[in-house]
file start11.pdb (PDB, C-alpha atoms and all ligand atoms)
ATOM      1  CA  MET A1066      26.464-131.718 -98.224
ATOM      2  CA  ALA A1067      23.223-131.859 -96.309
ATOM      3  CA  PRO A1068      20.642-134.516 -97.217
ATOM      4  CA  PHE A1069      18.082-134.057 -99.969
ATOM      5  CA  ILE A1070      14.821-135.810 -99.083
ATOM      6  CA  VAL A1071      11.907-136.224-101.464
ATOM      7  CA  PHE A1072       8.289-137.246-100.875
ATOM      8  CA  GLU A1073       6.398-138.976-103.637
ATOM      9  CA  GLY A1074       2.969-140.479-104.068
ATOM     10  CA  CYS A1075      -0.326-140.232-105.867
ATOM     11  CA  ASP A1076      -2.604-137.229-105.483
ATOM     12  CA  GLY A1077      -4.235-137.389-102.060
ATOM     13  CA  SER A1078      -1.678-139.798-100.571
ATOM     14  CA  GLY A1079      -0.837-137.415 -97.735
ATOM     15  CA  LYS A1080       2.742-136.840 -98.876
ATOM     16  CA  SER A1081       2.496-133.050 -98.501
ATOM     17  CA  THR A1082       1.309-133.492 -94.905
ATOM     18  CA  GLN A1083       4.217-135.832 -94.211
ATOM     19  CA  ALA A1084       6.730-133.515 -95.894
ATOM     20  CA  LYS A1085       5.517-130.674 -93.676
ATOM     21  CA  ALA A1086       5.657-132.862 -90.568
ATOM     22  CA  LEU A1087       9.259-133.817 -91.326
ATOM     23  CA  PHE A1088      10.192-130.194 -91.963
ATOM     24  CA  ARG A1089       8.691-129.138 -88.610
ATOM     25  CA  ARG A1090      10.523-131.922 -86.802
ATOM     26  CA  LEU A1091      13.831-130.923 -88.403
ATOM     27  CA  GLN A1092      13.263-127.372 -87.243
ATOM     28  CA  ARG A1093      12.407-128.490 -83.712
ATOM     29  CA  GLU A1094      15.630-130.511 -83.651
ATOM     30  CA  GLY A1095      17.557-127.383 -84.634
ATOM     31  CA  CYS A1096      18.546-128.778 -88.027
ATOM     32  CA  PRO A1097      18.764-126.065 -90.729
ATOM     33  CA  SER A1098      16.198-127.086 -93.308
ATOM     34  CA  LEU A1099      14.045-125.926 -96.156
ATOM     35  CA  LEU A1100      10.697-127.185 -97.448
ATOM     36  CA  THR A1101       9.831-126.869-101.114
ATOM     37  CA  HIS A1102       7.634-128.490-103.737
ATOM     38  CA  GLU A1103       7.313-129.281-107.419
ATOM     39  CA  PRO A1104       6.258-127.796-109.642
ATOM     40  CA  GLY A1105       7.108-124.543-107.905
ATOM     41  CA  GLY A1106       9.484-123.219-105.305
ATOM     42  CA  THR A1107      10.805-120.422-107.555
ATOM     43  CA  PRO A1108       9.008-117.553-109.336
ATOM     44  CA  LEU A1109       9.293-119.443-112.648
ATOM     45  CA  GLY A1110       8.138-122.705-111.082
ATOM     46  CA  GLU A1111       5.151-121.071-109.397
ATOM     47  CA  SER A1112       3.990-119.481-112.611
ATOM     48  CA  ILE A1113       4.296-122.822-114.443
ATOM     49  CA  ARG A1114       2.334-124.435-111.605
ATOM     50  CA  ARG A1115      -0.463-121.860-111.877
ATOM     51  CA  ARG A1116      -0.704-122.270-115.615
ATOM     52  CA  LEU A1117      -0.754-126.069-115.489
ATOM     53  CA  LYS A1118      -3.423-126.033-112.762
ATOM     54  CA  ALA A1119      -5.539-123.556-114.699
ATOM     55  CA  GLY A1120      -6.105-126.325-117.197
ATOM     56  CA  TRP A1121      -3.946-125.450-120.159
ATOM     57  CA  ASP A1122      -4.468-127.652-123.147
ATOM     58  CA  VAL A1123      -0.863-128.878-123.420
ATOM     59  CA  SER A1124       0.480-131.931-125.207
ATOM     60  CA  PRO A1125       2.199-134.613-123.064
ATOM     61  CA  LEU A1126       5.575-133.560-124.487
ATOM     62  CA  SER A1127       4.998-129.882-123.662
ATOM     63  CA  GLU A1128       3.857-130.924-120.206
ATOM     64  CA  LEU A1129       7.125-132.827-119.736
ATOM     65  CA  PHE A1130       9.163-129.756-120.615
ATOM     66  CA  LEU A1131       7.109-127.461-118.404
ATOM     67  CA  PHE A1132       7.611-129.675-115.340
ATOM     68  CA  SER A1133      11.274-130.029-116.279
ATOM     69  CA  ALA A1134      11.798-126.289-116.705
ATOM     70  CA  ALA A1135      10.337-125.717-113.243
ATOM     71  CA  ARG A1136      12.632-128.444-111.872
ATOM     72  CA  ALA A1137      15.796-127.154-113.532
ATOM     73  CA  GLN A1138      15.195-123.747-111.991
ATOM     74  CA  LEU A1139      14.464-125.186-108.540
ATOM     75  CA  VAL A1140      17.500-127.462-108.498
ATOM     76  CA  GLN A1141      19.899-124.806-109.698
ATOM     77  CA  SER A1142      18.686-121.857-107.663
ATOM     78  CA  VAL A1143      17.334-123.478-104.484
ATOM     79  CA  VAL A1144      18.233-127.133-103.873
ATOM     80  CA  VAL A1145      21.931-127.201-104.769
ATOM     81  CA  PRO A1146      22.846-123.945-102.982
ATOM     82  CA  ALA A1147      20.960-125.131 -99.878
ATOM     83  CA  ILE A1148      22.488-128.597 -99.555
ATOM     84  CA  ARG A1149      25.950-127.154-100.264
ATOM     85  CA  ASN A1150      25.403-124.812 -97.343
ATOM     86  CA  GLY A1151      24.420-127.591 -94.969
ATOM     87  CA  ILE A1152      20.669-127.009 -95.234
ATOM     88  CA  THR A1153      18.573-130.171 -95.440
ATOM     89  CA  VAL A1154      16.077-129.937 -98.293
ATOM     90  CA  VAL A1155      12.657-131.593 -98.090
ATOM     91  CA  CYS A1156      10.914-131.575-101.455
ATOM     92  CA  ASP A1157       7.341-132.546-102.267
ATOM     93  CA  ARG A1158       7.755-134.452-105.593
ATOM     94  CA  TYR A1159      10.788-134.743-107.896
ATOM     95  CA  THR A1160      11.889-136.769-110.930
ATOM     96  CA  ALA A1161       9.984-139.940-109.971
ATOM     97  CA  SER A1162       6.759-137.953-110.495
ATOM     98  CA  THR A1163       7.754-137.337-114.105
ATOM     99  CA  VAL A1164       8.446-141.020-114.692
ATOM    100  CA  ALA A1165       5.086-141.850-113.100
ATOM    101  CA  TYR A1166       2.814-139.190-114.631
ATOM    102  CA  GLN A1167       4.410-138.319-117.976
ATOM    103  CA  GLY A1168       6.002-141.748-118.543
ATOM    104  CA  TYR A1169       3.585-144.377-117.263
ATOM    105  CA  GLY A1170       0.540-142.085-117.147
ATOM    106  CA  ARG A1171       0.861-140.165-120.416
ATOM    107  CA  GLY A1172       2.862-142.852-122.187
ATOM    108  CA  LEU A1173       5.971-140.850-123.137
ATOM    109  CA  ASP A1174       9.163-142.765-123.855
ATOM    110  CA  LEU A1175      10.850-143.687-120.574
ATOM    111  CA  ALA A1176      14.420-143.465-121.904
ATOM    112  CA  MET A1177      13.721-139.930-123.135
ATOM    113  CA  ILE A1178      12.241-139.000-119.750
ATOM    114  CA  GLY A1179      15.371-140.364-118.086
ATOM    115  CA  GLN A1180      17.519-138.103-120.259
ATOM    116  CA  VAL A1181      15.374-135.041-119.631
ATOM    117  CA  ASN A1182      15.338-135.741-115.879
ATOM    118  CA  ARG A1183      19.128-136.032-115.803
ATOM    119  CA  ALA A1184      19.516-132.807-117.741
ATOM    120  CA  ALA A1185      17.052-130.876-115.574
ATOM    121  CA  THR A1186      18.686-132.000-112.340
ATOM    122  CA  ASP A1187      22.290-132.108-113.528
ATOM    123  CA  GLY A1188      22.229-135.659-112.156
ATOM    124  CA  LEU A1189      21.271-134.701-108.599
ATOM    125  CA  SER A1190      19.564-137.675-106.925
ATOM    126  CA  PRO A1191      17.794-137.556-103.569
ATOM    127  CA  ASP A1192      19.396-139.293-100.583
ATOM    128  CA  LEU A1193      15.982-140.620 -99.615
ATOM    129  CA  ILE A1194      12.657-140.900-101.449
ATOM    130  CA  VAL A1195       9.638-141.544 -99.250
ATOM    131  CA  LEU A1196       6.741-143.087-101.168
ATOM    132  CA  LEU A1197       3.277-142.779 -99.640
ATOM    133  CA  ASP A1198       1.652-145.697-101.381
ATOM    134  CA  LEU A1199      -2.113-145.640-101.757
ATOM    135  CA  PRO A1200      -4.505-147.902-103.703
ATOM    136  CA  SER A1201      -5.703-146.045-106.801
ATOM    137  CA  GLU A1202      -9.377-146.224-105.788
ATOM    138  CA  LEU A1203      -8.543-144.138-102.708
ATOM    139  CA  THR A1204      -6.498-141.616-104.689
ATOM    140  CA  VAL A1205      -9.554-140.144-106.311
ATOM    141  CA  ASP A1206     -11.705-140.261-103.128
ATOM    142  CA  ARG A1207      -9.135-138.612-100.914
ATOM    143  CA  LYS A1208      -8.325-135.735-103.218
ATOM    144  CA  GLY A1209     -11.641-134.041-102.515
ATOM    145  CA  LYS A1210     -14.154-132.904-105.044
ATOM    146  CA  ASN A1211     -13.325-129.199-105.111
ATOM    147  CA  VAL A1212      -9.595-129.373-105.638
ATOM    148  CA  ARG A1213      -8.475-128.273-109.069
ATOM    149  CA  ASP A1214      -5.539-130.230-110.364
ATOM    150  CA  VAL A1215      -3.563-131.097-113.475
ATOM    151  CA  PHE A1216      -5.026-134.600-113.615
ATOM    152  CA  ASP A1217      -8.590-133.804-112.597
ATOM    153  CA  GLY A1218     -10.954-136.266-114.177
ATOM    154  CA  ALA A1219      -8.205-138.702-115.167
ATOM    155  CA  PRO A1220      -9.620-142.256-115.174
ATOM    156  CA  LEU A1221      -8.864-144.733-112.435
ATOM    157  CA  GLU A1222      -6.655-146.555-114.906
ATOM    158  CA  PHE A1223      -4.363-143.508-115.113
ATOM    159  CA  HIS A1224      -3.901-143.452-111.324
ATOM    160  CA  GLY A1225      -3.294-147.207-111.413
ATOM    161  CA  LYS A1226      -0.422-146.693-113.858
ATOM    162  CA  VAL A1227       1.024-143.916-111.708
ATOM    163  CA  ARG A1228       0.980-146.157-108.666
ATOM    164  CA  GLU A1229       2.572-149.032-110.583
ATOM    165  CA  ALA A1230       5.303-146.668-111.787
ATOM    166  CA  TYR A1231       6.143-145.610-108.259
ATOM    167  CA  LEU A1232       6.262-149.163-106.940
ATOM    168  CA  TYR A1233       8.440-150.225-109.850
ATOM    169  CA  GLN A1234      10.911-147.376-109.320
ATOM    170  CA  ALA A1235      11.088-148.168-105.603
ATOM    171  CA  SER A1236      11.761-151.846-106.334
ATOM    172  CA  GLN A1237      14.674-150.889-108.609
ATOM    173  CA  ASP A1238      16.472-148.870-105.945
ATOM    174  CA  PRO A1239      15.330-150.145-102.530
ATOM    175  CA  GLY A1240      18.250-148.583-100.658
ATOM    176  CA  ARG A1241      17.100-145.106-101.583
ATOM    177  CA  TRP A1242      13.326-145.581-101.271
ATOM    178  CA  LEU A1243      11.157-145.930 -98.191
ATOM    179  CA  VAL A1244       7.745-147.310 -99.167
ATOM    180  CA  LEU A1245       4.997-146.606 -96.648
ATOM    181  CA  ASP A1246       1.377-147.696 -96.540
ATOM    182  CA  ALA A1247      -0.427-144.353 -96.783
ATOM    183  CA  THR A1248      -3.570-145.768 -95.160
ATOM    184  CA  LYS A1249      -1.741-146.064 -91.817
ATOM    185  CA  PRO A1250      -2.386-143.418 -89.139
ATOM    186  CA  ARG A1251      -0.667-140.139 -89.868
ATOM    187  CA  ARG A1252       1.437-140.115 -86.693
ATOM    188  CA  GLU A1253       2.704-143.616 -87.271
ATOM    189  CA  LEU A1254       3.892-142.600 -90.741
ATOM    190  CA  THR A1255       5.581-139.477 -89.382
ATOM    191  CA  LEU A1256       7.539-141.627 -86.935
ATOM    192  CA  GLU A1257       8.566-144.134 -89.616
ATOM    193  CA  VAL A1258       9.861-141.266 -91.755
ATOM    194  CA  TRP A1259      11.770-139.743 -88.854
ATOM    195  CA  ASN A1260      13.438-143.058 -87.981
ATOM    196  CA  LYS A1261      14.735-143.284 -91.528
ATOM    197  CA  VAL A1262      15.833-139.642 -91.766
ATOM    198  CA  GLN A1263      17.682-139.401 -88.466
ATOM    199  CA  PRO A1264      20.729-141.472 -89.528
ATOM    200  CA  LEU A1265      21.145-139.257 -92.607
ATOM    201  CA  LEU A1266      21.595-136.070 -90.582
TER
HETATM  202  P1  LIG A1301      -0.081-130.685-106.638
HETATM  203  O1  LIG A1301      -1.181-129.816-106.215
HETATM  204  O2  LIG A1301       1.284-130.422-106.085
HETATM  205  O3  LIG A1301      -0.523-132.155-106.354
HETATM  206  P2  LIG A1301      -0.116-133.013-105.137
HETATM  207  O4  LIG A1301      -0.571-132.274-103.915
HETATM  208  O5  LIG A1301      -0.809-134.311-105.361
HETATM  209  O6  LIG A1301       1.378-133.137-105.234
HETATM  210  O7  LIG A1301      -0.021-130.738-108.217
HETATM  211  C1  LIG A1301       1.032-131.286-108.864
HETATM  212  C2  LIG A1301       0.520-132.158-109.975
HETATM  213  O8  LIG A1301       1.511-132.229-110.985
HETATM  214  C3  LIG A1301       0.234-133.585-109.528
HETATM  215  O9  LIG A1301      -0.991-134.026-110.074
HETATM  216  C4  LIG A1301       1.355-134.397-110.156
HETATM  217  C5  LIG A1301       1.774-133.568-111.330
HETATM  218  N1  LIG A1301       3.180-133.703-111.721
HETATM  219  C6  LIG A1301       3.516-134.308-112.933
HETATM  220  O10 LIG A1301       2.629-134.739-113.683
HETATM  221  N2  LIG A1301       4.817-134.419-113.292
HETATM  222  C7  LIG A1301       5.825-133.953-112.520
HETATM  223  O11 LIG A1301       7.018-134.071-112.894
HETATM  224  C8  LIG A1301       5.483-133.319-111.273
HETATM  225  C9  LIG A1301       6.558-132.771-110.394
HETATM  226  C10 LIG A1301       4.155-133.216-110.917
END

call {"tool": "encode", "arguments": {"input": "start11.pdb", "output": "structure tokens"}}
result
Amino acid sequence: MAPFIVFEGCDGSGKSTQAKALFRRLQREGCPSLLTHEPGGTPLGESIRRRLKAGWDVSPLSELFLFSAARAQLVQSVVVPAIRNGITVVCDRYTASTVAYQGYGRGLDLAMIGQVNRAATDGLSPDLIVLLDLPSELTVDRKGKNVRDVFDGAPLEFHGKVREAYLYQASQDPGRWLVLDATKPRRELTLEVWNKVQPLL
């Protein structure tokens, strides 16, 4: 099985840029690879993404199931077939986002989220989770004023909880997580990621 690598972080942490940089490097090295993101990556996932971004008035529980439906579809129809065929998968967000946003952020029960995450992924865990850690004050600044997002207008406190959730998850499984200071120069981060990924290939 090829490696499954996930990027996590708050909005505006630069994780999408780093995920793309890793994907390009893998391609340059001749390593079969695929870049995807959550929510999305399948027709169902993309339509859920559009609806969530359009500002649906959904309850936290409905939100959990929407993200999880998108994930179940992505894992079953894209991620598992790819890694079984020797294709490295780089994914922008995964289950840790649900723990952070729906669990710590929205306040849903963490044990229930754990169960839903396991069901949606059939227990598939990433080989590596790269966390681009950013102080919450910068999260809001960096995102840019014109970007429409699910958590637009969420208070600083919300982003603080999300960050805390990520750091806690990383501390519980340090072998699987690589925590990077997202304020470092982009190229330096790209190199740190590559140094960690190379032995997995
Ligand atoms: P996106 O534009 O992908 O944001 P980013 O570029 O920061 O990743 O929008 C995804 C949003 O969905 C983001 O605010 C985090 C949120 N989200 C959850 O709340 N729960 C989840 O399980 C996932 C995957 C994402």

call {"tool": "axis_aligned_box", "arguments": {"input": "start11.pdb", "around": "ligand LIG 1301 (chain A)", "padding_each_side": "8 Å", "output": "JSON"}}
result
{"center_x": 2.9, "center_y": -132.3, "center_z": -108.8, "size_x": 24.2, "size_y": 20.9, "size_z": 25.8}

call {"tool": "resolve_selection", "arguments": {"input": "start11.pdb", "expression": "the PyMOL selection byres (((not hetatm)) within 6 of (chain A and resi 1301))", "output": "PyMOL selection string"}}
result
chain A and resi 1075-1077+1103-1104+1132+1158-1160+1162-1163+1166-1167+1214-1216

call {"tool": "resolve_selection", "arguments": {"input": "start11.pdb", "expression": "the PyMOL selection byres (((chain A and resi 1226) around 10) and not hetatm)", "output": "number ranges by chain"}}
result
A: 1165-1166, 1168-1172, 1201, 1221-1225, 1227-1232

call {"tool": "closest_residue", "arguments": {"input": "start11.pdb", "among": "A:Met1177, A:Arg1115, A:Val1071, A:Val1258", "to": "Leu1129 of chain A", "atoms": "only C-alpha atoms"}}
result
A:Met1177

call {"tool": "resolve_selection", "arguments": {"input": "start11.pdb", "expression": "the PyMOL selection byres (((chain A and resi 1153-1155) around 12) and not hetatm)", "output": "JSON, numbers by chain"}}
result
{"A": [1066, 1067, 1068, 1069, 1070, 1071, 1072, 1073, 1080, 1081, 1082, 1083, 1084, 1085, 1086, 1087, 1088, 1089, 1090, 1091, 1092, 1095, 1096, 1097, 1098, 1099, 1100, 1101, 1102, 1103, 1106, 1139, 1140, 1143, 1144, 1145, 1146, 1147, 1148, 1149, 1150, 1151, 1152, 1156, 1157, 1158, 1159, 1191, 1192, 1193, 1194, 1195, 1258, 1262, 1263, 1265, 1266]}

call {"tool": "closest_residue", "arguments": {"input": "start11.pdb", "among": "A:Pro1125, A:Pro1220, A:Arg1241, A:Glu1202", "to": "Asp1174 of chain A", "atoms": "all atoms listed in the file"}}
result
A:Pro1125

call {"tool": "atom_distance", "arguments": {"input": "start11.pdb", "atom1": "atom CA of Ser1078 of chain A", "atom2": "atom CA of Arg1114 of chain A"}}
result
19.3 Å

call {"tool": "atom_distance", "arguments": {"input": "start11.pdb", "atom1": "atom CA of Ser1142 of chain A", "atom2": "atom CA of Glu1094 of chain A"}}
result
25.7 Å

call {"tool": "residues_near_point", "arguments": {"input": "start11.pdb", "point": "(6.1, -124.5, -114.7)", "cutoff": "10 Å", "atoms": "all atoms listed in the file", "output": "VMD selection string"}}
result
chain A and resid 1103 to 1105 1107 to 1118 1128 to 1136 1138

call {"tool": "atom_distance", "arguments": {"input": "start11.pdb", "atom1": "atom CA of Gly1240 of chain A", "atom2": "atom CA of Ile1178 of chain A"}}
result
22.2 Å

call {"tool": "residues_around", "arguments": {"input": "start11.pdb", "residues": "Asp1198 of chain A", "least_positions_apart": "2", "cutoff": "7 Å", "atoms": "all atoms listed in the file", "output": "CSV table (one decimal) with C-alpha atoms, in the frame of the given file"}}
result
chain,number,residue,atom,x,y,z
A,1074,GLY,CA,3.0,-140.5,-104.1
A,1078,SER,CA,-1.7,-139.8,-100.6
A,1196,LEU,CA,6.7,-143.1,-101.2
A,1200,PRO,CA,-4.5,-147.9,-103.7
A,1244,VAL,CA,7.7,-147.3,-99.2
A,1245,LEU,CA,5.0,-146.6,-96.6
A,1246,ASP,CA,1.4,-147.7,-96.5
A,1247,ALA,CA,-0.4,-144.4,-96.8
